[in-house]
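Asker: Just input22.pdb, nothing more (PDB, C-alpha atoms):
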ATOM      1  CA  MET A   1       0.000   0.000   0.000  1.00  0.00           C
ATOM      2  CA  PRO A   2       1.407   3.435  -0.909  1.00  0.00           C
ATOM      3  CA  LYS A   3       2.601   5.392   2.143  1.00  0.00           C
ATOM      4  CA  THR A   4       1.604   8.930   1.116  1.00  0.00           C
ATOM      5  CA  MET A   5      -0.729  10.662  -1.325  1.00  0.00           C
ATOM      6  CA  LEU A   6       2.253  11.274  -3.610  1.00  0.00           C
ATOM      7  CA  HIS A   7       3.146   7.573  -3.564  1.00  0.00           C
ATOM      8  CA  ARG A   8      -0.475   6.649  -4.282  1.00  0.00           C
ATOM      9  CA  TYR A   9      -0.608   8.939  -7.317  1.00  0.00           C
ATOM     10  CA  THR A  10       2.766   7.811  -8.665  1.00  0.00           C
ATOM     11  CA  ALA A  11       1.350   4.272  -8.588  1.00  0.00           C
ATOM     12  CA  SER A  12      -1.211   5.362 -11.206  1.00  0.00           C
ATOM     13  CA  PRO A  13      -0.188   5.101 -14.885  1.00  0.00           C
ATOM     14  CA  THR A  14      -2.358   8.160 -15.547  1.00  0.00           C
ATOM     15  CA  ALA A  15      -0.901  10.381 -12.824  1.00  0.00           C
ATOM     16  CA  PHE A  16       2.701   9.164 -13.026  1.00  0.00           C
ATOM     17  CA  PRO A  17       3.633  11.048 -16.241  1.00  0.00           C
ATOM     18  CA  VAL A  18       2.435  14.356 -14.803  1.00  0.00           C
ATOM     19  CA  LEU A  19       4.045  13.944 -11.384  1.00  0.00           C
ATOM     20  CA  ALA A  20       7.313  12.496 -12.689  1.00  0.00           C
ATOM     21  CA  SER A  21       7.599  15.327 -15.216  1.00  0.00           C
ATOM     22  CA  LEU A  22       7.379  17.790 -12.294  1.00  0.00           C
ATOM     23  CA  TYR A  23      10.131  15.997 -10.339  1.00  0.00           C
ATOM     24  CA  PRO A  24      12.867  18.684 -10.166  1.00  0.00           C
ATOM     25  CA  PRO A  25      15.767  16.668 -11.679  1.00  0.00           C
ATOM     26  CA  LEU A  26      13.608  15.725 -14.683  1.00  0.00           C
ATOM     27  CA  LEU A  27      11.854  19.086 -14.977  1.00  0.00           C
ATOM     28  CA  GLY A  28      15.147  20.980 -14.892  1.00  0.00           C
ATOM     29  CA  SER A  29      16.629  18.708 -17.546  1.00  0.00           C
ATOM     30  CA  GLY A  30      13.734  19.261 -19.944  1.00  0.00           C
ATOM     31  CA  ILE A  31      12.549  15.652 -19.579  1.00  0.00           C
ATOM     32  CA  ARG A  32       8.814  15.020 -19.852  1.00  0.00           C
ATOM     33  CA  ILE A  33       7.102  11.658 -19.483  1.00  0.00           C
ATOM     34  CA  ARG A  34       4.656  11.612 -22.387  1.00  0.00           C
ATOM     35  CA  ARG A  35       2.935   8.275 -22.011  1.00  0.00           C
ATOM     36  CA  ILE A  36       2.654   5.254 -19.744  1.00  0.00           C
ATOM     37  CA  ALA A  37       0.531   2.311 -20.908  1.00  0.00           C
ATOM     38  CA  PRO A  38      -2.399   1.492 -18.574  1.00  0.00           C
ATOM     39  CA  ASP A  39      -0.807  -1.917 -17.872  1.00  0.00           C
ATOM     40  CA  TRP A  40       2.678  -0.411 -17.320  1.00  0.00           C
ATOM     41  CA  THR A  41       4.168  -2.369 -20.265  1.00  0.00           C
ATOM     42  CA  SER A  42       5.466   0.649 -22.196  1.00  0.00           C
ATOM     43  CA  GLY A  43       6.280   4.296 -21.831  1.00  0.00           C
ATOM     44  CA  GLU A  44       7.734   7.216 -23.699  1.00  0.00           C
ATOM     45  CA  LEU A  45       9.527  10.367 -22.670  1.00  0.00           C
ATOM     46  CA  THR A  46      10.871  13.341 -24.548  1.00  0.00           C
ATOM     47  CA  MET A  47      13.697  15.698 -23.820  1.00  0.00           C
ATOM     48  CA  ARG A  48      14.004  19.066 -25.493  1.00  0.00           C
ATOM     49  CA  VAL A  49      17.490  20.510 -25.637  1.00  0.00           C
ATOM     50  CA  ALA A  50      17.286  24.178 -24.661  1.00  0.00           C
ATOM     51  CA  PRO A  51      19.990  26.724 -23.762  1.00  0.00           C
ATOM     52  CA  TRP A  52      19.602  25.894 -20.042  1.00  0.00           C
ATOM     53  CA  THR A  53      19.789  22.107 -20.638  1.00  0.00           C
ATOM     54  CA  ALA A  54      22.704  22.156 -23.086  1.00  0.00           C
ATOM     55  CA  ASN A  55      26.412  21.686 -22.529  1.00  0.00           C
ATOM     56  CA  THR A  56      29.093  24.141 -23.694  1.00  0.00           C
ATOM     57  CA  ASN A  57      28.798  22.761 -27.244  1.00  0.00           C
ATOM     58  CA  GLY A  58      25.081  23.544 -27.404  1.00  0.00           C
ATOM     59  CA  THR A  59      24.075  19.867 -27.346  1.00  0.00           C
ATOM     60  CA  ALA A  60      22.298  17.775 -24.701  1.00  0.00           C
ATOM     61  CA  PHE A  61      24.073  17.627 -21.358  1.00  0.00           C
ATOM     62  CA  GLY A  62      25.278  14.072 -20.699  1.00  0.00           C
ATOM     63  CA  GLY A  63      23.846  13.929 -17.174  1.00  0.00           C
ATOM     64  CA  ALA A  64      20.397  14.832 -18.490  1.00  0.00           C
ATOM     65  CA  LEU A  65      20.690  12.160 -21.179  1.00  0.00           C
ATOM     66  CA  PHE A  66      21.609   9.626 -18.526  1.00  0.00           C
ATOM     67  CA  ALA A  67      18.632  10.667 -16.367  1.00  0.00           C
ATOM     68  CA  ALA A  68      16.357  10.208 -19.378  1.00  0.00           C
ATOM     69  CA  THR A  69      17.565   6.616 -19.850  1.00  0.00           C
ATOM     70  CA  ASP A  70      17.190   5.833 -16.145  1.00  0.00           C
ATOM     71  CA  VAL A  71      13.598   6.721 -15.316  1.00  0.00           C
ATOM     72  CA  LEU A  72      11.239   4.583 -17.426  1.00  0.00           C
ATOM     73  CA  TYR A  73      12.334   0.966 -17.006  1.00  0.00           C
ATOM     74  CA  GLY A  74      12.280   1.093 -13.200  1.00  0.00           C
ATOM     75  CA  ALA A  75       8.927   2.869 -13.165  1.00  0.00           C
ATOM     76  CA  LEU A  76       7.359   0.404 -15.607  1.00  0.00           C
ATOM     77  CA  LEU A  77       8.684  -2.647 -13.794  1.00  0.00           C
ATOM     78  CA  SER A  78       7.613  -1.233 -10.406  1.00  0.00           C
ATOM     79  CA  GLY A  79       4.163  -0.508 -11.792  1.00  0.00           C
ATOM     80  CA  GLN A  80       3.750  -4.088 -12.986  1.00  0.00           C
ATOM     81  CA  LEU A  81       5.198  -5.744  -9.895  1.00  0.00           C
ATOM     82  CA  GLY A  82       3.220  -3.623  -7.449  1.00  0.00           C
ATOM     83  CA  GLY A  83       3.969  -2.230  -4.019  1.00  0.00           C
ATOM     84  CA  GLY A  84       5.435  -5.443  -2.617  1.00  0.00           C
ATOM     85  CA  TYR A  85       8.662  -4.941  -4.581  1.00  0.00           C
ATOM     86  CA  GLN A  86      11.482  -2.399  -4.832  1.00  0.00           C
ATOM     87  CA  VAL A  87      13.302  -1.601  -8.070  1.00  0.00           C
ATOM     88  CA  TRP A  88      16.308   0.662  -8.474  1.00  0.00           C
ATOM     89  CA  THR A  89      19.381   1.109 -10.631  1.00  0.00           C
ATOM     90  CA  LYS A  90      22.348  -0.861  -9.330  1.00  0.00           C
ATOM     91  CA  SER A  91      24.844   0.094 -12.052  1.00  0.00           C
ATOM     92  CA  ALA A  92      24.846   1.506 -15.551  1.00  0.00           C
ATOM     93  CA  THR A  93      27.041   2.293 -18.517  1.00  0.00           C
ATOM     94  CA  ILE A  94      26.264   4.800 -21.217  1.00  0.00           C
ATOM     95  CA  ASP A  95      27.520   5.187 -24.771  1.00  0.00           C
ATOM     96  CA  PHE A  96      27.147   8.537 -26.477  1.00  0.00           C
ATOM     97  CA  HIS A  97      26.781   7.885 -30.214  1.00  0.00           C
ATOM     98  CA  ARG A  98      26.149  11.410 -31.503  1.00  0.00           C
ATOM     99  CA  PRO A  99      25.397  14.861 -30.140  1.00  0.00           C
ATOM    100  CA  GLY A 100      21.815  15.310 -28.980  1.00  0.00           C
ATOM    101  CA  ARG A 101      20.025  18.261 -30.532  1.00  0.00           C
ATOM    102  CA  GLY A 102      16.403  19.385 -30.638  1.00  0.00           C
ATOM    103  CA  ARG A 103      13.716  17.007 -29.427  1.00  0.00           C
ATOM    104  CA  LEU A 104      14.923  13.602 -28.246  1.00  0.00           C
ATOM    105  CA  THR A 105      12.772  10.561 -27.483  1.00  0.00           C
ATOM    106  CA  CYS A 106      13.180   7.451 -25.346  1.00  0.00           C
ATOM    107  CA  GLN A 107      10.700   4.585 -25.657  1.00  0.00           C
ATOM    108  CA  VAL A 108      10.862   1.652 -23.258  1.00  0.00           C
ATOM    109  CA  GLU A 109       8.942  -1.610 -23.168  1.00  0.00           C
ATOM    110  CA  VAL A 110       8.696  -4.109 -20.331  1.00  0.00           C
ATOM    111  CA  PRO A 111       6.606  -7.034 -21.562  1.00  0.00           C
ATOM    112  CA  ALA A 112       4.266  -8.517 -18.961  1.00  0.00           C
ATOM    113  CA  MET A 113       6.048 -11.841 -19.449  1.00  0.00           C
ATOM    114  CA  GLU A 114       9.315 -10.239 -18.264  1.00  0.00           C
ATOM    115  CA  ALA A 115       7.679  -8.889 -15.099  1.00  0.00           C
ATOM    116  CA  ASP A 116       6.047 -12.290 -14.478  1.00  0.00           C
ATOM    117  CA  MET A 117       9.430 -14.015 -14.834  1.00  0.00           C
ATOM    118  CA  ILE A 118      10.998 -11.622 -12.307  1.00  0.00           C
ATOM    119  CA  ARG A 119       8.090 -12.098  -9.890  1.00  0.00           C
ATOM    120  CA  GLU A 120       8.523 -15.875 -10.196  1.00  0.00           C
ATOM    121  CA  GLN A 121      12.286 -15.626  -9.530  1.00  0.00           C
ATOM    122  CA  LEU A 122      11.524 -13.638  -6.405  1.00  0.00           C
ATOM    123  CA  THR A 123       9.349 -16.389  -4.966  1.00  0.00           C
ATOM    124  CA  GLU A 124      12.516 -18.445  -4.549  1.00  0.00           C
ATOM    125  CA  GLN A 125      15.033 -15.715  -3.754  1.00  0.00           C
ATOM    126  CA  ARG A 126      14.845 -12.360  -1.999  1.00  0.00           C
ATOM    127  CA  SER A 127      16.425 -10.287  -4.777  1.00  0.00           C
ATOM    128  CA  THR A 128      17.590 -10.451  -8.364  1.00  0.00           C
ATOM    129  CA  SER A 129      19.286  -8.293 -10.978  1.00  0.00           C
ATOM    130  CA  VAL A 130      17.867  -7.487 -14.392  1.00  0.00           C
ATOM    131  CA  VAL A 131      19.741  -5.902 -17.300  1.00  0.00           C
ATOM    132  CA  HIS A 132      17.938  -3.467 -19.571  1.00  0.00           C
ATOM    133  CA  THR A 133      19.105  -1.298 -22.475  1.00  0.00           C
ATOM    134  CA  ALA A 134      17.519   2.102 -23.104  1.00  0.00           C
ATOM    135  CA  ARG A 135      18.069   4.171 -26.233  1.00  0.00           C
ATOM    136  CA  ILE A 136      17.440   7.839 -26.920  1.00  0.00           C
ATOM    137  CA  ALA A 137      16.862   8.862 -30.523  1.00  0.00           C
ATOM    138  CA  ASP A 138      16.716  12.226 -32.244  1.00  0.00           C
ATOM    139  CA  SER A 139      13.914  13.458 -34.493  1.00  0.00           C
ATOM    140  CA  ARG A 140      15.395  11.565 -37.477  1.00  0.00           C
ATOM    141  CA  GLY A 141      15.381   8.314 -35.502  1.00  0.00           C
ATOM    142  CA  ASP A 142      19.173   8.204 -35.137  1.00  0.00           C
ATOM    143  CA  VAL A 143      20.379   6.790 -31.808  1.00  0.00           C
ATOM    144  CA  VAL A 144      22.012   9.503 -29.706  1.00  0.00           C
ATOM    145  CA  VAL A 145      22.601   7.496 -26.530  1.00  0.00           C
ATOM    146  CA  GLU A 146      22.476   3.859 -25.529  1.00  0.00           C
ATOM    147  CA  ALA A 147      22.586   3.000 -21.826  1.00  0.00           C
ATOM    148  CA  ARG A 148      22.752  -0.418 -20.245  1.00  0.00           C
ATOM    149  CA  HIS A 149      21.284  -0.531 -16.741  1.00  0.00           C
ATOM    150  CA  THR A 150      21.545  -3.314 -14.212  1.00  0.00           C
ATOM    151  CA  MET A 151      18.459  -3.055 -12.046  1.00  0.00           C
ATOM    152  CA  PHE A 152      18.257  -4.443  -8.521  1.00  0.00           C
ATOM    153  CA  VAL A 153      14.830  -5.902  -7.716  1.00  0.00           C
ATOM    154  CA  ARG A 154      13.739  -7.281  -4.370  1.00  0.00           C
ATOM    155  CA  ARG A 155      10.660  -8.181  -2.408  1.00  0.00           C
ATOM    156  CA  ARG A 156       9.803  -5.755   0.371  1.00  0.00           C
ATOM    157  CA  THR A 157       9.954  -7.289   3.808  1.00  0.00           C
TER     158      THR A 157
END
As structure tokens, what does this structure read like?
Answerer:
Amino acid sequence: MPKTMLHRYTASPTAFPVLASLYPPLLGSGIRIRRIAPDWTSGELTMRVAPWTANTNGTAFGGALFAATDVLYGALLSGQLGGGYQVWTKSATIDFHRPGRGRLTCQVEVPAMEADMIREQLTEQRSTSVVHTARIADSRGDVVVEARHTMFVRRRT
């Protein structure tokens, strides 16, 4: 059961995009959650590179790009698993393929079968790690960033 009103609303696929987009680290980086599927199996965010979110070369700041790759998978998996589980990033690597300019997009999918498999693993063990790759593309569809995240997942006690 969510502990506060904020937690309750972030557990809703309808409210999550609005509230997460207002979270200061995402808001300040120009990151907006655009869509979360009602069943938490997919989501999309955008990031607009503006003068206050750019680096000294006028392209997307690397920390903001990393934040954009980090937010969706954990939220989607948490949404599917429910309140009895915790999900967070354990480690990550990021490859910058090209400078990010303009409007950037990150789409993430977590098939229900993947969440079911993780839930089943956690019936026999207290925690597990899951590897996920997130990609950010520019308006032409060219990959700007590819990040590989190892997510730590455990049952709440």
Asker: For the file shown, report as a PyMOL selection string the outcome of the PyMOL selection byres ((chain A and resi 114) around 12) at residue level.
Answerer: chain A and resi 40-41+73+76-77+80-81+109-113+115-121+130-132
Asker: Please provide as a list of chain:residue names all residues within 9 Å of Arg34 in chain A, with the sequence filter that same-chain residues fewer than 5 positions apart are discarded (counting only C-alpha atoms).
Answerer: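 Listed by chain and then number, they are A:Pro17, A:Val18, A:Ser21, A:Gly43, A:Glu44, A:Leu45, A:Thr46.
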Asker: Of the candidates A:Ser29, A:Ser78, A:Ser127, A:Thr69, which shows the shortest atom-to-atom distance to Pro51 in chain A, using all atoms listed in the file?
Answerer: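 When distances to Pro51 in chain A are compared using all atoms listed in the file, the smallest one comes from A:Ser29.
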Asker: For the PyMOL selection byres ((chain A and resi 88) around 7), applied here, can you spell out every residue it catches as a ChimeraX atom specification?
Answerer: /A:74,86-87,89-90,151-153
Asker: Around (12.3, 11.8, -34.9) in the file's own coordinates, what residues are found within 9 Å if you use all atoms listed in the file, given back as a list of chain:residue names?
Answerer: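 Checked against the point, the hits come out as A:Arg103, A:Leu104, A:Thr105, A:Ala137, A:Asp138, A:Ser139, A:Arg140, A:Gly141, A:Asp142.
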Asker: Rounded to one decimal, what separation in Å do you get between CA of Ala37 in chain A and CA of Thr128 in chain A?
Answerer: 24.7 Å
Asker: Dump all heavy atoms of range 78-90 of chain A from the given block, as a PDB file, in the first residue's frame.
Answerer:
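The result, written out as part_36.pdb:
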ATOM      1  N   SER A  78       8.250  -1.442 -11.708  1.00  0.00           N
ATOM      2  CA  SER A  78       7.613  -1.233 -10.406  1.00  0.00           C
ATOM      3  C   SER A  78       6.096  -1.227 -10.537  1.00  0.00           C
ATOM      4  O   SER A  78       5.389  -1.804  -9.705  1.00  0.00           O
ATOM      5  CB  SER A  78       8.060   0.096  -9.783  1.00  0.00           C
ATOM      6  OG  SER A  78       9.398   0.028  -9.397  1.00  0.00           O
ATOM      7  N   GLY A  79       5.605  -0.563 -11.571  1.00  0.00           N
ATOM      8  CA  GLY A  79       4.163  -0.508 -11.792  1.00  0.00           C
ATOM      9  C   GLY A  79       3.558  -1.883 -12.010  1.00  0.00           C
ATOM     10  O   GLY A  79       2.465  -2.173 -11.522  1.00  0.00           O
ATOM     11  N   GLN A  80       4.266  -2.740 -12.730  1.00  0.00           N
ATOM     12  CA  GLN A  80       3.750  -4.088 -12.986  1.00  0.00           C
ATOM     13  C   GLN A  80       3.885  -4.988 -11.768  1.00  0.00           C
ATOM     14  O   GLN A  80       2.994  -5.791 -11.490  1.00  0.00           O
ATOM     15  CB  GLN A  80       4.494  -4.726 -14.167  1.00  0.00           C
ATOM     16  CG  GLN A  80       4.095  -4.147 -15.497  1.00  0.00           C
ATOM     17  CD  GLN A  80       4.711  -4.917 -16.634  1.00  0.00           C
ATOM     18  OE1 GLN A  80       4.504  -6.122 -16.758  1.00  0.00           O
ATOM     19  NE2 GLN A  80       5.478  -4.233 -17.459  1.00  0.00           N
ATOM     20  N   LEU A  81       4.984  -4.870 -11.046  1.00  0.00           N
ATOM     21  CA  LEU A  81       5.198  -5.744  -9.895  1.00  0.00           C
ATOM     22  C   LEU A  81       4.314  -5.359  -8.714  1.00  0.00           C
ATOM     23  O   LEU A  81       3.894  -6.213  -7.939  1.00  0.00           O
ATOM     24  CB  LEU A  81       6.671  -5.719  -9.467  1.00  0.00           C
ATOM     25  CG  LEU A  81       7.665  -6.335 -10.442  1.00  0.00           C
ATOM     26  CD1 LEU A  81       9.090  -6.148  -9.930  1.00  0.00           C
ATOM     27  CD2 LEU A  81       7.369  -7.802 -10.707  1.00  0.00           C
ATOM     28  N   GLY A  82       4.052  -4.082  -8.555  1.00  0.00           N
ATOM     29  CA  GLY A  82       3.220  -3.623  -7.449  1.00  0.00           C
ATOM     30  C   GLY A  82       4.036  -3.227  -6.236  1.00  0.00           C
ATOM     31  O   GLY A  82       5.268  -3.318  -6.224  1.00  0.00           O
ATOM     32  N   GLY A  83       3.336  -2.797  -5.202  1.00  0.00           N
ATOM     33  CA  GLY A  83       3.969  -2.230  -4.019  1.00  0.00           C
ATOM     34  C   GLY A  83       4.776  -3.188  -3.171  1.00  0.00           C
ATOM     35  O   GLY A  83       5.497  -2.755  -2.286  1.00  0.00           O
ATOM     36  N   GLY A  84       4.694  -4.474  -3.408  1.00  0.00           N
ATOM     37  CA  GLY A  84       5.435  -5.443  -2.617  1.00  0.00           C
ATOM     38  C   GLY A  84       6.876  -5.622  -3.068  1.00  0.00           C
ATOM     39  O   GLY A  84       7.583  -6.479  -2.542  1.00  0.00           O
ATOM     40  N   TYR A  85       7.325  -4.801  -4.015  1.00  0.00           N
ATOM     41  CA  TYR A  85       8.662  -4.941  -4.581  1.00  0.00           C
ATOM     42  C   TYR A  85       9.352  -3.584  -4.661  1.00  0.00           C
ATOM     43  O   TYR A  85       8.694  -2.551  -4.771  1.00  0.00           O
ATOM     44  CB  TYR A  85       8.593  -5.539  -5.996  1.00  0.00           C
ATOM     45  CG  TYR A  85       7.987  -6.909  -6.015  1.00  0.00           C
ATOM     46  CD1 TYR A  85       6.612  -7.079  -6.092  1.00  0.00           C
ATOM     47  CD2 TYR A  85       8.783  -8.049  -5.947  1.00  0.00           C
ATOM     48  CE1 TYR A  85       6.034  -8.337  -6.108  1.00  0.00           C
ATOM     49  CE2 TYR A  85       8.219  -9.314  -5.960  1.00  0.00           C
ATOM     50  CZ  TYR A  85       6.850  -9.452  -6.036  1.00  0.00           C
ATOM     51  OH  TYR A  85       6.289 -10.703  -6.045  1.00  0.00           O
ATOM     52  N   GLN A  86      10.670  -3.596  -4.636  1.00  0.00           N
ATOM     53  CA  GLN A  86      11.482  -2.399  -4.832  1.00  0.00           C
ATOM     54  C   GLN A  86      12.349  -2.610  -6.067  1.00  0.00           C
ATOM     55  O   GLN A  86      12.891  -3.697  -6.266  1.00  0.00           O
ATOM     56  CB  GLN A  86      12.382  -2.139  -3.632  1.00  0.00           C
ATOM     57  CG  GLN A  86      11.634  -1.758  -2.387  1.00  0.00           C
ATOM     58  CD  GLN A  86      12.569  -1.548  -1.218  1.00  0.00           C
ATOM     59  OE1 GLN A  86      13.462  -2.365  -0.988  1.00  0.00           O
ATOM     60  NE2 GLN A  86      12.359  -0.475  -0.472  1.00  0.00           N
ATOM     61  N   VAL A  87      12.481  -1.557  -6.852  1.00  0.00           N
ATOM     62  CA  VAL A  87      13.302  -1.601  -8.070  1.00  0.00           C
ATOM     63  C   VAL A  87      14.161  -0.344  -8.102  1.00  0.00           C
ATOM     64  O   VAL A  87      13.641   0.760  -7.931  1.00  0.00           O
ATOM     65  CB  VAL A  87      12.411  -1.625  -9.337  1.00  0.00           C
ATOM     66  CG1 VAL A  87      13.268  -1.672 -10.596  1.00  0.00           C
ATOM     67  CG2 VAL A  87      11.428  -2.784  -9.309  1.00  0.00           C
ATOM     68  N   TRP A  88      15.462  -0.516  -8.273  1.00  0.00           N
ATOM     69  CA  TRP A  88      16.308   0.662  -8.474  1.00  0.00           C
ATOM     70  C   TRP A  88      17.539   0.290  -9.286  1.00  0.00           C
ATOM     71  O   TRP A  88      17.888  -0.870  -9.437  1.00  0.00           O
ATOM     72  CB  TRP A  88      16.680   1.348  -7.169  1.00  0.00           C
ATOM     73  CG  TRP A  88      17.502   0.563  -6.198  1.00  0.00           C
ATOM     74  CD1 TRP A  88      18.855   0.405  -6.207  1.00  0.00           C
ATOM     75  CD2 TRP A  88      17.036  -0.164  -5.069  1.00  0.00           C
ATOM     76  NE1 TRP A  88      19.253  -0.374  -5.154  1.00  0.00           N
ATOM     77  CE2 TRP A  88      18.152  -0.730  -4.435  1.00  0.00           C
ATOM     78  CE3 TRP A  88      15.775  -0.389  -4.522  1.00  0.00           C
ATOM     79  CZ2 TRP A  88      18.049  -1.507  -3.297  1.00  0.00           C
ATOM     80  CZ3 TRP A  88      15.683  -1.159  -3.380  1.00  0.00           C
ATOM     81  CH2 TRP A  88      16.811  -1.699  -2.777  1.00  0.00           C
ATOM     82  N   THR A  89      18.194   1.307  -9.808  1.00  0.00           N
ATOM     83  CA  THR A  89      19.381   1.109 -10.631  1.00  0.00           C
ATOM     84  C   THR A  89      20.558   0.742  -9.741  1.00  0.00           C
ATOM     85  O   THR A  89      20.890   1.462  -8.801  1.00  0.00           O
ATOM     86  CB  THR A  89      19.709   2.378 -11.440  1.00  0.00           C
ATOM     87  OG1 THR A  89      18.572   2.714 -12.229  1.00  0.00           O
ATOM     88  CG2 THR A  89      20.915   2.148 -12.347  1.00  0.00           C
ATOM     89  N   LYS A  90      21.182  -0.381 -10.070  1.00  0.00           N
ATOM     90  CA  LYS A  90      22.348  -0.861  -9.330  1.00  0.00           C
ATOM     91  C   LYS A  90      23.635  -0.348  -9.978  1.00  0.00           C
ATOM     92  O   LYS A  90      24.554   0.085  -9.306  1.00  0.00           O
ATOM     93  CB  LYS A  90      22.317  -2.393  -9.329  1.00  0.00           C
ATOM     94  CG  LYS A  90      23.420  -3.070  -8.609  1.00  0.00           C
ATOM     95  CD  LYS A  90      23.192  -4.577  -8.671  1.00  0.00           C
ATOM     96  CE  LYS A  90      24.307  -5.353  -8.042  1.00  0.00           C
ATOM     97  NZ  LYS A  90      24.045  -6.798  -8.107  1.00  0.00           N
TER      98      LYS A  90
END
